[in-house]
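Report on one structure; see the data block that follows.
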Amino acid sequence: MKIGIYFCNCGSNIAEKISSAAVAEAASSFPDSPYVKIVDFICSEDGKLQFEGSLKSEQPDRVVVAACSPRDHESTFRRCLTNAGMNPYLMQMVNIREQIAWVTEDPADATEKAIAAIRGAVCRVRLQQPLEKKQLEVCPDALVIGAGPAGMKAALSLAEAGRAVVLVERTPFIGGLPVRFEDLFPAMECAPCMLEPLMGDLLHGDHVGNIELMTMAELIEVTGFYGNFIAKIRQKPRHVSLHECIGCGECVEACPATSMNEFNSNASERKAIDFAFTGVLPNAPYLMEEICIRSKGVECRACKDACPMGEDVVNLDELETIVERRIGSIILATGARLYDASRVVGMGMGTLPDVYDALQFERMLSSTGPTGGEIVTADGNTPSSVAIIHCVGSLDEDHKTYCSGICCQYAFKFNHLIAAKLPGVSITHYHRELVMPGKGAHTLLRHAVGNKNSHLERYGSIKDLAVTRDSNGRLQVSAKGNVTPADMVILCPAVVPADGAERLSALLDVSCDSFGFFQELHGRLDAAQSTLKGVYMAGACQEPMDIRSAMLEGMASVGHTLAGLQPGRMIEVEPSTAEVDETRCAGCRLCISVCPYHAITFDSEHNASHINAVLCRGCGTCVTACPAGAITGHHFTNEQIMAEIEGVLQ
Amino acid sequence: MTAVEKFEPKIIGFLCNWCSYAGADKAGGMQLSYPPNVQVIRVMCSGRVDPQFVLSAFEKGADGVIILACHPGDCHYKEGNCRALQRHSMLSLMLEPLGVEKERCRLDYVSAGEGEKFNRIICEMVESVRALGPLLVAP
């Protein structure tokens, strides 16, 4: 075996401390090292040409480059090997600049240390093997879960880029939480007006051919891995054909069964067949089987008979179906909900009338809501005083320790809207902290502060507050004994992950943080990537955020999808990953428990672990954990590392 | 005493690619000198450091071994440094009965930005192994 050693002087950076002549002399005694070439700047254009030319003429079997840190130029020199017709993994770098020349005072010490390090590299590189990047065909299409702002933005942008998108939404409508609001902070923009063009594009836009929207659907199983997932989706029966229904509502009129409407915070009634709320998109009702009198054995087809579009629009016998879709990546955009404020003692939620959480109040403010947008108490009166309690369950050791970030802003939006609808009404904000970041939010705070009927009261702990009724039955808020009457109390609960996030986390094997939000791969570097390769996240399923941030995150997840998977382009799989020798695997599965990337599965047929090279990132933890020594960490094998240890210690 | 003062320990340092190796490069960039006694073996993750490597280093003549990992919670591979910590605890228990003082095998954390900390740890390690003297018992 012929090993070529290339020694870079790096101008005077290395040459000043390490004697190349001494290295060359010492190297003459190393095994299989017939030559040492001294180069002045091997990373320069001239240096690289010299290096490549030498590789071509000398034709070494292995190469050692003693120069700067491999973190600087390992990939540069690997490319030189490739250009010279060699396998790039047959090179080992020795960091004689950052870790020897620059940090060792005495040149004799530095030279001696460099010689030992180069000897280690020579011993190691002899055992290095040529490795090839594997190529894998991939599906460039995506699954987006959740049709709120983040999910809609992601789906539309992917469709615009020509990707097929399956958009799965659990509810019967699109638009997420904000489509149920009337006005949005900070500029009091009309929410449905803002979202309508986006929703219109999603349903009827230029790229609709690329979008398969499935409402009333949920993901139930995912197999495969990045680039090659198979998703199973449960499509619940809507009993109304989205393609044929014109949204006239004749069936709703005819329906004899009623119940409370969950999408109006159970503050209004709905029919068994009905719209989720007025103005909903897709503009079609859905039938709730559990309310329909047919579920009680009554033969009724009033809705079907009332439909002016014919027999096929309402299908009373529609059954749930399971569909399978092949996709390459998954975007989680499942959003958030409000923390159950009844769990915060003393707030009166669920026990006292006229105590509402923020979502219930949003619906009250909405012209499509249960009161048509009028602010009225349960007995139909106009309130003369309103209390808004911030930080209910947020910044609270007993509930959620984080700040939910958006509540102060919508609380001051409420202030603005209440003051506009009911001039003269007294509004008291009870807040623990005030968080109004960004360039737009402060205007709402300024309006509230400038309103002579608005008051801000800071409290230390939510335990200092109590919502009760006085002897006349009127609501009141006491803050450390200071009692203020309030005809209506609005609570701003913590923002928590939507129901089902935990189920999805288990189903996909992506991690959640201690609060149940999906965990980022890295909080700053890779904040839109989940812990599983090819699964991205966008919006409030990751942490509380406003619509603007959710939309931006939707685009961020699209960026990952488009960059990672391209039609017709194979993905390259790094070869420095781990591999199991099935004949030596004892089947203990220890490797599976230590792998941080869920890259290892157990093949019961062969009674051996199997490592998916696409998911493996080459950390080598499993290699070390394997008690049978059945796992090889390519490019970092036990033999290579041991040889290096022995080489430097000789 | 003169013999001990002249003793230059050989130390093997296992550094993870993403944090501690980068921290060592940082120390280089800052031109912070330290004794030349530590030979660095680069691994992708401290979770790759096999107790066998440590034992083998002692067997082949090392007087000390230092494993430098990413700070807890900062591991590039999420939790490889936790595995390194577990294995180091196990090693510490194993080494003493073999006649190797546990101070000869140290684990610490260095981030990519901590050039000064890297320098300090290397100086401390060299001093502490120098004080222990040569490793006489081969495990």
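Following the order of the structure tokens, chains are lettered A, B, ..., residues in each are numbered from 1, and ligands are numbered from 1.
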- Task: Find the residues near region 55-72 of chain B: any atom within 7 Å, counting only C-alpha atoms, skip ones fewer than 2 places away on the same chain, and give them as an MDAnalysis selection string.
- Result: (chainID A and resid 645:646 649) or (chainID B and resid 9:16 19:20 46 51:53 74:75 81 104:111 129 134:135 138:139)
- Task: Find the spatial neighbours of region 281-292 of chain A, counting only C-alpha atoms, within a cut-off of 9 Å - ignore same-chain residues fewer than 5 positions away - and output them as a PyMOL selection string.
- Result: chain A and resi 172-175+196+199-200+203+215+237-242+245-249+251-252+255-259+271-276+298+300+316
Per residue of chain A within 10 Å of chain B, what are the shortest atom pair and its distance in Å to one decimal, counting only C-alpha atoms, with rows by chain and residue number, as a tab-separated table?
residue	atom	partner	partner_atom	distance
A:Cys68	CA	B:Asp25	CA	9.3
A:Ser69	CA	B:Asp25	CA	7.1
A:Pro70	CA	B:Asn17	CA	9.5
A:Arg71	CA	B:Ala22	CA	7.8
A:Asp72	CA	B:Asp25	CA	9.8
A:Val94	CA	B:Val40	CA	9.7
A:Asn95	CA	B:Asp25	CA	8.9
A:Arg97	CA	B:Gly28	CA	7.6
A:Glu98	CA	B:Gly28	CA	4.2
A:Gln99	CA	B:Gly28	CA	5.7
A:Ile100	CA	B:Pro36	CA	7.5
A:Ala101	CA	B:Gly28	CA	8.2
A:Trp102	CA	B:Gln31	CA	5.2
A:Val103	CA	B:Ser33	CA	4.0
A:Thr104	CA	B:Ser33	CA	5.3
A:Glu105	CA	B:Ser33	CA	6.1
A:Asp106	CA	B:Pro36	CA	9.1
A:Asp109	CA	B:Pro36	CA	6.5
A:Ala110	CA	B:Pro36	CA	6.9
A:Thr111	CA	B:Pro36	CA	9.9
A:Glu112	CA	B:Pro36	CA	8.9
A:Lys113	CA	B:Pro36	CA	6.5
A:Ala114	CA	B:Gln39	CA	9.2
A:Ala116	CA	B:Gln39	CA	8.1
A:Ala117	CA	B:Gln39	CA	6.9
A:Gly120	CA	B:Ile41	CA	9.0
A:Ala121	CA	B:Ile41	CA	9.7
A:Leu521	CA	B:Lys78	CA	8.4
A:His522	CA	B:His76	CA	8.7
A:Thr531	CA	B:Lys78	CA	9.2
A:Val594	CA	B:Arg83	CA	8.2
A:Cys595	CA	B:Gly80	CA	8.9
A:Pro596	CA	B:Lys78	CA	6.5
A:Tyr597	CA	B:Tyr77	CA	8.4
A:Arg617	CA	B:Tyr77	CA	8.1
A:Gly618	CA	B:Met44	CA	7.5
A:Cys619	CA	B:Cys45	CA	5.3
A:Gly620	CA	B:Arg48	CA	4.8
A:Thr621	CA	B:Gly47	CA	4.7
A:Cys622	CA	B:Arg48	CA	7.9
A:Val623	CA	B:Arg48	CA	7.0
A:Thr624	CA	B:Asp50	CA	5.2
A:Ala625	CA	B:Asp50	CA	8.0
A:Gly633	CA	B:Arg48	CA	9.0
A:Phe636	CA	B:Val43	CA	7.3
A:Thr637	CA	B:Arg48	CA	9.8
A:Asn638	CA	B:Phe53	CA	8.1
A:Glu639	CA	B:Phe53	CA	9.9
A:Ile641	CA	B:Ile41	CA	7.7
A:Met642	CA	B:Phe53	CA	6.5
A:Glu644	CA	B:Ile41	CA	7.5
A:Ile645	CA	B:Ala57	CA	6.3
A:Glu646	CA	B:Lys60	CA	6.2
A:Gly647	CA	B:Lys60	CA	9.3
A:Val648	CA	B:Gln39	CA	7.0
A:Leu649	CA	B:Gly61	CA	6.3
A:Gln650	CA	B:Lys60	CA	7.8
- Task: Name the residues of region 11-138 of chain B that fall into helix (DSSP H, G or I) according to DSSP on the backbone, using the chain letters and numbers of this document, as number ranges by chain.
- Result: B: 20-29, 46-48, 51-59, 80-98, 102-104, 115-132
- Using only C-alpha atoms, which of the listed residues (A:Gln128, A:Ser157, A:Ser454, A:Gln519) sits closest to Ala643 (chain A)?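 Of the candidates, the smallest distance to Ala643 (chain A) is held by A:Gln128.
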- Message: Which residue is closest to Arg163 (chain A)? Choose from A:Ala22, A:Ile547, A:Ile211, A:Leu131 and count only C-alpha atoms.
- Response: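 Checking each candidate against Arg163 (chain A), we get A:Ile211 as the closest.
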- Between A:Ile220, A:Cys408, A:Met570, A:Ala540, which one has atoms that come closest to Gly176 (chain A), using only C-alpha atoms? A:Ala540
- Message: I'd like the interatomic distance between CA of Leu132 (chain B) and CA of Pro97 (chain B), to a tenth of an Å.
- Response: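 Going from CA of Leu132 (chain B) over to CA of Pro97 (chain B), I get 16.4 Å.
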- Message: DSSP on the backbone: which residues in region 106-135 of chain B end up as strand (DSSP E)? Give the answer as a PyMOL selection string.
- Response: chain B and resi 106-109
- Task: Kindly give the distance, in Å, that separates CA of Pro383 (chain A) and CA of Glu457 (chain A), rounded to a single decimal.
- Result: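 We find that CA of Pro383 (chain A) and CA of Glu457 (chain A) lie 19.8 Å from each other.
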